[in-house]
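Asks: Structure: upload12.cif, mmCIF, C-alpha atoms.
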data_structure
#
loop_
_atom_site.label_atom_id
_atom_site.label_comp_id
_atom_site.auth_asym_id
_atom_site.auth_seq_id
_atom_site.Cartn_x
_atom_site.Cartn_y
_atom_site.Cartn_z
CA MET A 22 0.00 0.00 0.00
CA ALA A 23 1.56 3.31 -1.11
CA LYS A 24 0.65 6.63 0.47
CA LEU A 25 1.64 9.71 -1.53
CA LEU A 26 1.70 13.29 -0.28
CA GLY A 27 1.50 16.11 -2.81
CA ILE A 28 2.88 19.56 -2.07
CA SER A 29 2.47 22.55 -4.38
CA GLY A 30 4.44 25.73 -3.87
CA SER A 31 1.63 27.76 -5.39
CA LEU A 32 -1.54 28.78 -3.59
CA ARG A 33 -3.24 30.21 -6.69
CA ALA A 34 -6.56 28.73 -7.72
CA GLY A 35 -5.90 26.99 -11.02
CA SER A 36 -2.18 26.71 -10.24
CA PHE A 37 -0.20 24.82 -12.87
CA ASN A 38 2.01 23.42 -10.11
CA SER A 39 -1.02 22.08 -8.28
CA MET A 40 -2.21 20.56 -11.57
CA LEU A 41 1.23 19.01 -12.04
CA VAL A 42 1.19 17.50 -8.53
CA ARG A 43 -2.26 16.03 -9.17
CA GLU A 44 -1.13 14.70 -12.54
CA ALA A 45 1.91 13.12 -10.86
CA ALA A 46 -0.40 11.50 -8.32
CA ARG A 47 -2.59 10.14 -11.12
CA VAL A 48 0.48 8.63 -12.83
CA PHE A 49 1.92 7.32 -9.53
CA ASP A 50 -1.47 5.74 -8.76
CA PRO A 51 -1.15 5.56 -4.95
CA ASP A 52 -3.50 3.69 -2.69
CA GLU A 53 -3.92 6.96 -0.80
CA PHE A 54 -3.20 10.53 -1.91
CA THR A 55 -3.18 13.61 0.29
CA PHE A 56 -2.73 17.15 -1.03
CA ALA A 57 -1.03 19.33 1.59
CA ASP A 58 -2.27 22.83 2.40
CA LEU A 59 0.60 25.33 2.60
CA ARG A 60 -1.54 28.20 3.84
CA LEU A 61 0.74 28.57 6.85
CA PRO A 62 1.61 31.66 8.85
CA LEU A 63 4.94 33.24 7.95
CA TYR A 64 7.69 31.68 10.00
CA ASP A 65 8.24 33.76 13.15
CA GLY A 66 10.28 32.60 16.13
CA ASP A 67 7.99 34.52 18.48
CA LEU A 68 4.95 32.69 17.09
CA GLU A 69 6.82 29.39 17.43
CA ALA A 70 7.59 30.23 21.07
CA GLU A 71 3.84 30.53 21.71
CA GLY A 72 3.37 26.99 20.41
CA MET A 73 3.65 25.26 17.06
CA PRO A 74 0.73 26.24 14.78
CA ASP A 75 -1.69 23.37 14.16
CA GLU A 76 -1.26 23.75 10.38
CA VAL A 77 2.48 23.14 10.69
CA THR A 78 2.04 20.11 12.94
CA ARG A 79 -0.52 18.72 10.45
CA LEU A 80 1.95 19.16 7.56
CA CYS A 81 4.71 17.35 9.46
CA ASP A 82 2.29 14.55 10.35
CA GLN A 83 1.27 14.25 6.69
CA ILE A 84 4.91 14.02 5.59
CA ARG A 85 5.67 11.36 8.20
CA ALA A 86 2.58 9.32 7.25
CA ALA A 87 3.44 9.35 3.53
CA ASP A 88 5.57 6.70 1.88
CA ALA A 89 6.69 9.26 -0.69
CA VAL A 90 6.31 12.97 -1.42
CA VAL A 91 5.98 14.80 -4.72
CA MET A 92 6.64 18.56 -4.61
CA SER A 93 6.27 21.17 -7.31
CA THR A 94 7.34 24.78 -7.30
CA PRO A 95 6.74 27.71 -9.59
CA GLU A 96 9.65 29.93 -10.51
CA TYR A 97 9.44 33.42 -9.05
CA ASN A 98 12.38 35.67 -9.91
CA LYS A 99 14.50 32.62 -10.77
CA ASN A 100 13.83 30.93 -7.40
CA PRO A 101 11.28 28.64 -5.74
CA SER A 102 8.24 30.31 -4.26
CA GLY A 103 8.27 31.90 -0.82
CA VAL A 104 5.34 29.61 0.01
CA ILE A 105 7.49 26.47 -0.32
CA LYS A 106 10.44 28.08 1.49
CA ASN A 107 8.17 29.12 4.36
CA ALA A 108 6.82 25.56 4.65
CA LEU A 109 10.36 24.16 4.78
CA ASP A 110 11.36 26.72 7.43
CA TRP A 111 8.42 25.66 9.59
CA ILE A 112 8.85 21.91 9.25
CA SER A 113 12.54 22.24 10.12
CA ARG A 114 11.45 23.32 13.61
CA ILE A 115 9.77 20.01 14.56
CA PRO A 116 12.27 17.25 15.31
CA PRO A 117 12.98 14.75 14.03
CA MET A 118 13.13 16.11 10.48
CA ALA A 119 10.04 14.79 8.69
CA LEU A 120 11.70 14.60 5.27
CA THR A 121 14.83 12.72 6.35
CA ALA A 122 15.30 9.65 4.11
CA LYS A 123 11.79 10.17 2.66
CA PRO A 124 11.59 9.50 -1.10
CA VAL A 125 10.90 12.91 -2.67
CA ALA A 126 10.38 13.85 -6.31
CA VAL A 127 10.61 17.51 -7.28
CA LEU A 128 8.80 19.04 -10.25
CA SER A 129 8.22 22.53 -11.62
CA ALA A 130 5.79 24.35 -13.87
CA SER A 131 6.08 27.96 -14.95
CA ALA A 132 4.92 30.39 -17.57
CA GLY A 133 8.48 30.78 -18.85
CA TYR A 134 10.08 28.69 -21.56
CA ALA A 135 12.53 26.87 -19.26
CA GLY A 136 9.80 25.54 -16.98
CA GLY A 137 11.39 26.60 -13.73
CA GLN A 138 14.84 25.05 -14.23
CA ARG A 139 16.54 27.75 -12.16
CA ALA A 140 13.98 27.34 -9.38
CA MET A 141 14.57 23.57 -9.43
CA ALA A 142 18.31 24.01 -8.94
CA ALA A 143 17.69 26.29 -5.96
CA PHE A 144 14.98 23.95 -4.64
CA TYR A 145 17.41 21.02 -4.53
CA LEU A 146 19.76 23.17 -2.44
CA MET A 147 16.91 24.16 -0.11
CA LEU A 148 16.09 20.48 0.47
CA LEU A 149 19.67 19.36 1.27
CA PRO A 150 19.53 20.13 5.04
CA PHE A 151 16.50 17.84 5.32
CA LYS A 152 18.41 14.88 3.88
CA PRO A 153 15.53 13.47 1.82
CA ASN A 154 15.99 10.62 -0.62
CA LEU A 155 15.80 12.85 -3.70
CA VAL A 156 14.53 10.75 -6.58
CA ILE A 157 15.57 11.88 -10.01
CA GLY A 158 14.06 9.55 -12.59
CA ALA A 159 13.66 12.41 -15.05
CA GLU A 160 13.56 16.14 -14.54
CA VAL A 161 10.06 17.39 -15.17
CA ASN A 162 10.02 21.11 -15.90
CA VAL A 163 6.82 22.24 -17.56
CA GLY A 164 7.56 25.41 -19.52
CA ASN A 165 4.87 27.55 -21.12
CA ALA A 166 2.57 25.84 -18.65
CA SER A 167 -0.59 27.59 -19.82
CA SER A 168 -0.40 25.62 -23.08
CA ARG A 169 0.67 22.28 -21.57
CA PHE A 170 -2.48 21.29 -19.67
CA GLY A 171 -5.89 20.43 -21.06
CA ASP A 172 -9.19 21.67 -19.66
CA ASP A 173 -9.26 18.53 -17.50
CA GLY A 174 -5.94 19.47 -15.82
CA ARG A 175 -4.03 16.69 -17.56
CA LEU A 176 -0.69 17.21 -19.30
CA THR A 177 -0.99 17.25 -23.07
CA ASP A 178 2.68 17.11 -24.11
CA GLU A 179 3.82 13.52 -24.76
CA MET A 180 7.48 14.16 -23.84
CA LEU A 181 6.44 15.67 -20.51
CA ILE A 182 4.06 12.79 -19.85
CA GLU A 183 6.83 10.27 -20.55
CA GLY A 184 9.20 12.17 -18.25
CA LEU A 185 6.57 12.26 -15.51
CA GLU A 186 5.97 8.51 -15.92
CA ARG A 187 9.73 7.86 -15.51
CA GLN A 188 9.91 10.17 -12.51
CA MET A 189 6.92 8.55 -10.77
CA ALA A 190 8.21 5.04 -11.54
CA ALA A 191 11.50 6.00 -9.89
CA LEU A 192 9.63 7.47 -6.90
CA ARG A 193 7.56 4.30 -6.51
CA ALA A 194 10.72 2.15 -6.75
CA ALA A 195 12.34 4.22 -3.95
CA ILE A 196 9.66 3.26 -1.43
#
Give the structure from this file in structure tokens form.

Replies:
Amino acid sequence: MAKLLGISGSLRAGSFNSMLVREAARVFDPDEFTFADLRLPLYDGDLEAEGMPDEVTRLCDQIRAADAVVMSTPEYNKNPSGVIKNALDWISRIPPMALTAKPVAVLSASAGYAGGQRAMAAFYLMLLPFKPNLVIGAEVNVGNASSRFGDDGRLTDEMLIEGLERQMAALRAAI
């Protein structure tokens, strides 16, 4: 039985990264899929001192309960979103690290031609302190994202679909 957690670094309704995470989950075909909510307060040590926010504890619990995690980030100013960075900052505050040794696949979708390649490089660096089992079956960077998804939210580009299938097969094999 495989439990997959999906995390999108975009909060926007109709987010291409959220579509990509859901498409990855469809391809992965888990027994159970949970889509994390990153509507978290901004990290603040004073807020942490008052007690860990319930939303942060829930996210850590979801990561720990999952057999694997698929994360996708947009590219904002050549970097991952502040939303995903904020989530990582929060989960780093609850020991033991929830992502340690967890199989994790990282994806990106963006409006730009390169599909978030620069954000992906920075995202890998952001994940290093967590020591996840980063699974790289194929890099999936969806460029010109507005033209890559159908009305049903499914990817339409065959090369991207094949890359996502390789990536999700590698993620499943890492469990």

Asks: What lies within 12 Å of Pro95 in chain A using all atoms listed in the file, ignoring chain neighbours under 5 positions off, as a ChimeraX atom specification?

Replies: /A:28-33,36-42,100-106,127-133,135-141,143-144,162-166

Asks: Please identify all polymer residues within 7 Å of Leu26 in chain A, counting only C-alpha atoms, omitting same-chain residues fewer than 6 positions from it, and present them as number ranges by chain.

Replies: A: 54-57, 84, 87, 89-91

Asks: Generate a file of the selected residues that holds C-alpha atoms, formatted as an mmCIF file, in the frame of the given file.

Replies:
data_model
loop_
_atom_site.group_PDB
_atom_site.id
_atom_site.type_symbol
_atom_site.label_atom_id
_atom_site.label_comp_id
_atom_site.auth_asym_id
_atom_site.auth_seq_id
_atom_site.Cartn_x
_atom_site.Cartn_y
_atom_site.Cartn_z
ATOM 1 C CA PHE A 54 -3.200 10.530 -1.910
ATOM 2 C CA THR A 55 -3.180 13.610 0.290
ATOM 3 C CA PHE A 56 -2.730 17.150 -1.030
ATOM 4 C CA ALA A 57 -1.030 19.330 1.590
ATOM 5 C CA ILE A 84 4.910 14.020 5.590
ATOM 6 C CA ALA A 87 3.440 9.350 3.530
ATOM 7 C CA ALA A 89 6.690 9.260 -0.690
ATOM 8 C CA VAL A 90 6.310 12.970 -1.420
ATOM 9 C CA VAL A 91 5.980 14.800 -4.720
#

Asks: Need the neighbours of (-6.9, 17.2, -17.0): which residues are at most 10 Å away, counting all atoms listed in the file, as JSON, numbers by chain?

Replies: {"A": [40, 41, 43, 44, 170, 171, 172, 173, 174, 175, 176, 177]}

Asks: Taking the file as shown, what set of residues would the PyMOL selection byres ((chain A and resi 73) around 12) give back, as a list in words?

Replies: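 For this structure, the PyMOL selection byres ((chain A and resi 73) around 12) resolves to Leu61, Pro62, Tyr64, Asp65, Gly66, Asp67, Leu68, Glu69, Ala70, Glu71, Gly72, Pro74, Asp75, Glu76, Val77, Thr78, Arg79, Leu80, Cys81, Trp111, Ile112, Ser113, Arg114, Ile115 and Pro116 of chain A.
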
Asks: What does the structure give for the distance between CA of Lys123 in chain A and CA of Arg169 in chain A, in Å to one decimal?

Replies: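 So the answer is 29.3 Å.
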
Asks: Can you tell me how far CA of Ala159 in chain A sits from CA of Arg60 in chain A, in Å to one decimal?

Replies: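 CA of Arg60 in chain A lies 28.9 Å from CA of Ala159 in chain A.
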
Asks: Can you work out which one of A:Leu25, A:Leu148, A:Met180, A:Ala34 has the shortest atom-to-atom distance to Asp52 in chain A, counting all atoms listed in the file?

Replies: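 Smallest distance to Asp52 in chain A is found for A:Leu25.
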
Asks: Calculate how many Å separate CA of Tyr97 in chain A from CA of Ala191 in chain A, rounding to one decimal.

Replies: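 Here the two named atoms are 27.5 Å from each other.
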
Asks: Please determine, counting only C-alpha atoms, which residue among A:Glu53, A:Glu186, A:Asp58, A:Glu179 has the shortest atom-to-atom distance to Asp88 in chain A.

Replies: A:Glu53

Asks: Give as a PDB file with C-alpha atoms, in the frame of the given file the residues that the PyMOL selection byres ((chain A and resi 185) around 9) matches when applied to the coordinates above.

Replies:
ATOM      1  CA  GLU A  44      -1.130  14.700 -12.540  1.00  0.00           C
ATOM      2  CA  ALA A  45       1.910  13.120 -10.860  1.00  0.00           C
ATOM      3  CA  VAL A  48       0.480   8.630 -12.830  1.00  0.00           C
ATOM      4  CA  LEU A 128       8.800  19.040 -10.250  1.00  0.00           C
ATOM      5  CA  GLY A 158      14.060   9.550 -12.590  1.00  0.00           C
ATOM      6  CA  ALA A 159      13.660  12.410 -15.050  1.00  0.00           C
ATOM      7  CA  GLU A 160      13.560  16.140 -14.540  1.00  0.00           C
ATOM      8  CA  VAL A 161      10.060  17.390 -15.170  1.00  0.00           C
ATOM      9  CA  MET A 180       7.480  14.160 -23.840  1.00  0.00           C
ATOM     10  CA  LEU A 181       6.440  15.670 -20.510  1.00  0.00           C
ATOM     11  CA  ILE A 182       4.060  12.790 -19.850  1.00  0.00           C
ATOM     12  CA  GLU A 183       6.830  10.270 -20.550  1.00  0.00           C
ATOM     13  CA  GLY A 184       9.200  12.170 -18.250  1.00  0.00           C
ATOM     14  CA  GLU A 186       5.970   8.510 -15.920  1.00  0.00           C
ATOM     15  CA  ARG A 187       9.730   7.860 -15.510  1.00  0.00           C
ATOM     16  CA  GLN A 188       9.910  10.170 -12.510  1.00  0.00           C
ATOM     17  CA  MET A 189       6.920   8.550 -10.770  1.00  0.00           C
ATOM     18  CA  ALA A 190       8.210   5.040 -11.540  1.00  0.00           C
TER      19      ALA A 190
END

Asks: May I have the residues within 8 Å of Pro51 in chain A as a list of chain:residue names, using all atoms listed in the file and disregarding those fewer than 3 positions away in the same chain?

Replies: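 Near Pro51 in chain A, the qualifying residues are A:Met22, A:Ala23, A:Lys24, A:Leu25, A:Ala46, A:Arg47, A:Phe54.
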
Asks: Out of A:Leu149, A:Ala142, A:Met118, A:Ala195, which residue has the shortest atom-to-atom distance to Thr94 in chain A when counting all atoms listed in the file?

Replies: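 The shortest atom-to-atom distance to Thr94 in chain A comes from A:Ala142.
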
Asks: Please rebuild range 41-72 of chain A with N, CA and C atoms and return the result as a PDB file, in the coordinates of the input.

Replies:
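Dumped everything to out-v4.pdb:
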ATOM      1  N   LEU A  41       0.117  19.941 -11.801  1.00  0.00           N
ATOM      2  CA  LEU A  41       1.230  19.010 -12.040  1.00  0.00           C
ATOM      3  C   LEU A  41       1.340  17.997 -10.906  1.00  0.00           C
ATOM      4  N   VAL A  42       1.160  18.433  -9.670  1.00  0.00           N
ATOM      5  CA  VAL A  42       1.190  17.500  -8.530  1.00  0.00           C
ATOM      6  C   VAL A  42       0.057  16.484  -8.662  1.00  0.00           C
ATOM      7  N   ARG A  43      -1.113  16.952  -9.021  1.00  0.00           N
ATOM      8  CA  ARG A  43      -2.260  16.030  -9.170  1.00  0.00           C
ATOM      9  C   ARG A  43      -2.046  15.067 -10.347  1.00  0.00           C
ATOM     10  N   GLU A  44      -1.436  15.558 -11.402  1.00  0.00           N
ATOM     11  CA  GLU A  44      -1.130  14.700 -12.540  1.00  0.00           C
ATOM     12  C   GLU A  44      -0.074  13.662 -12.145  1.00  0.00           C
ATOM     13  N   ALA A  45       0.908  14.070 -11.358  1.00  0.00           N
ATOM     14  CA  ALA A  45       1.910  13.120 -10.860  1.00  0.00           C
ATOM     15  C   ALA A  45       1.245  12.056  -9.994  1.00  0.00           C
ATOM     16  N   ALA A  46       0.309  12.457  -9.165  1.00  0.00           N
ATOM     17  CA  ALA A  46      -0.400  11.500  -8.320  1.00  0.00           C
ATOM     18  C   ALA A  46      -1.204  10.521  -9.180  1.00  0.00           C
ATOM     19  N   ARG A  47      -1.825  11.014 -10.234  1.00  0.00           N
ATOM     20  CA  ARG A  47      -2.590  10.140 -11.120  1.00  0.00           C
ATOM     21  C   ARG A  47      -1.664   9.093 -11.751  1.00  0.00           C
ATOM     22  N   VAL A  48      -0.486   9.541 -12.205  1.00  0.00           N
ATOM     23  CA  VAL A  48       0.480   8.630 -12.830  1.00  0.00           C
ATOM     24  C   VAL A  48       1.053   7.664 -11.797  1.00  0.00           C
ATOM     25  N   PHE A  49       1.367   8.154 -10.617  1.00  0.00           N
ATOM     26  CA  PHE A  49       1.920   7.320  -9.530  1.00  0.00           C
ATOM     27  C   PHE A  49       0.906   6.259  -9.109  1.00  0.00           C
ATOM     28  N   ASP A  50      -0.366   6.621  -9.109  1.00  0.00           N
ATOM     29  CA  ASP A  50      -1.470   5.740  -8.760  1.00  0.00           C
ATOM     30  C   ASP A  50      -1.323   5.158  -7.339  1.00  0.00           C
ATOM     31  N   PRO A  51      -1.294   6.050  -6.331  1.00  0.00           N
ATOM     32  CA  PRO A  51      -1.150   5.560  -4.950  1.00  0.00           C
ATOM     33  C   PRO A  51      -2.442   4.953  -4.433  1.00  0.00           C
ATOM     34  N   ASP A  52      -2.310   4.198  -3.369  1.00  0.00           N
ATOM     35  CA  ASP A  52      -3.500   3.690  -2.690  1.00  0.00           C
ATOM     36  C   ASP A  52      -4.190   4.825  -1.942  1.00  0.00           C
ATOM     37  N   GLU A  53      -3.385   5.801  -1.523  1.00  0.00           N
ATOM     38  CA  GLU A  53      -3.920   6.960  -0.800  1.00  0.00           C
ATOM     39  C   GLU A  53      -3.131   8.196  -1.200  1.00  0.00           C
ATOM     40  N   PHE A  54      -3.845   9.269  -1.535  1.00  0.00           N
ATOM     41  CA  PHE A  54      -3.200  10.530  -1.910  1.00  0.00           C
ATOM     42  C   PHE A  54      -3.741  11.655  -1.045  1.00  0.00           C
ATOM     43  N   THR A  55      -2.825  12.434  -0.495  1.00  0.00           N
ATOM     44  CA  THR A  55      -3.180  13.610   0.290  1.00  0.00           C
ATOM     45  C   THR A  55      -2.508  14.816  -0.351  1.00  0.00           C
ATOM     46  N   PHE A  56      -3.263  15.902  -0.489  1.00  0.00           N
ATOM     47  CA  PHE A  56      -2.730  17.150  -1.030  1.00  0.00           C
ATOM     48  C   PHE A  56      -2.562  18.110   0.138  1.00  0.00           C
ATOM     49  N   ALA A  57      -1.327  18.476   0.434  1.00  0.00           N
ATOM     50  CA  ALA A  57      -1.030  19.330   1.590  1.00  0.00           C
ATOM     51  C   ALA A  57      -1.495  20.769   1.358  1.00  0.00           C
ATOM     52  N   ASP A  58      -1.867  21.420   2.432  1.00  0.00           N
ATOM     53  CA  ASP A  58      -2.270  22.830   2.400  1.00  0.00           C
ATOM     54  C   ASP A  58      -1.124  23.656   2.974  1.00  0.00           C
ATOM     55  N   LEU A  59      -0.523  24.500   2.144  1.00  0.00           N
ATOM     56  CA  LEU A  59       0.600  25.330   2.600  1.00  0.00           C
ATOM     57  C   LEU A  59       0.177  26.727   3.008  1.00  0.00           C
ATOM     58  N   ARG A  60      -1.089  26.901   3.311  1.00  0.00           N
ATOM     59  CA  ARG A  60      -1.540  28.200   3.840  1.00  0.00           C
ATOM     60  C   ARG A  60      -1.138  28.248   5.314  1.00  0.00           C
ATOM     61  N   LEU A  61       0.138  28.532   5.517  1.00  0.00           N
ATOM     62  CA  LEU A  61       0.740  28.570   6.850  1.00  0.00           C
ATOM     63  C   LEU A  61       1.084  30.006   7.203  1.00  0.00           C
ATOM     64  N   PRO A  62       1.131  30.320   8.500  1.00  0.00           N
ATOM     65  CA  PRO A  62       1.610  31.660   8.850  1.00  0.00           C
ATOM     66  C   PRO A  62       3.074  31.798   8.432  1.00  0.00           C
ATOM     67  N   LEU A  63       3.515  33.035   8.231  1.00  0.00           N
ATOM     68  CA  LEU A  63       4.940  33.240   7.950  1.00  0.00           C
ATOM     69  C   LEU A  63       5.741  32.790   9.162  1.00  0.00           C
ATOM     70  N   TYR A  64       6.880  32.144   8.876  1.00  0.00           N
ATOM     71  CA  TYR A  64       7.690  31.680  10.000  1.00  0.00           C
ATOM     72  C   TYR A  64       8.094  32.876  10.859  1.00  0.00           C
ATOM     73  N   ASP A  65       7.935  32.713  12.169  1.00  0.00           N
ATOM     74  CA  ASP A  65       8.240  33.760  13.150  1.00  0.00           C
ATOM     75  C   ASP A  65       8.599  33.041  14.446  1.00  0.00           C
ATOM     76  N   GLY A  66       9.821  33.242  14.905  1.00  0.00           N
ATOM     77  CA  GLY A  66      10.280  32.600  16.130  1.00  0.00           C
ATOM     78  C   GLY A  66       9.418  32.944  17.332  1.00  0.00           C
ATOM     79  N   ASP A  67       8.861  34.154  17.368  1.00  0.00           N
ATOM     80  CA  ASP A  67       7.990  34.520  18.480  1.00  0.00           C
ATOM     81  C   ASP A  67       6.694  33.710  18.436  1.00  0.00           C
ATOM     82  N   LEU A  68       6.152  33.511  17.239  1.00  0.00           N
ATOM     83  CA  LEU A  68       4.950  32.690  17.090  1.00  0.00           C
ATOM     84  C   LEU A  68       5.255  31.238  17.480  1.00  0.00           C
ATOM     85  N   GLU A  69       6.412  30.751  17.064  1.00  0.00           N
ATOM     86  CA  GLU A  69       6.820  29.390  17.430  1.00  0.00           C
ATOM     87  C   GLU A  69       6.925  29.249  18.949  1.00  0.00           C
ATOM     88  N   ALA A  70       7.445  30.271  19.617  1.00  0.00           N
ATOM     89  CA  ALA A  70       7.590  30.230  21.070  1.00  0.00           C
ATOM     90  C   ALA A  70       6.244  30.124  21.782  1.00  0.00           C
ATOM     91  N   GLU A  71       5.189  30.624  21.138  1.00  0.00           N
ATOM     92  CA  GLU A  71       3.840  30.530  21.710  1.00  0.00           C
ATOM     93  C   GLU A  71       3.244  29.138  21.539  1.00  0.00           C
ATOM     94  N   GLY A  72       3.849  28.343  20.690  1.00  0.00           N
ATOM     95  CA  GLY A  72       3.370  26.990  20.410  1.00  0.00           C
ATOM     96  C   GLY A  72       3.286  26.772  18.910  1.00  0.00           C
TER      97      GLY A  72
END
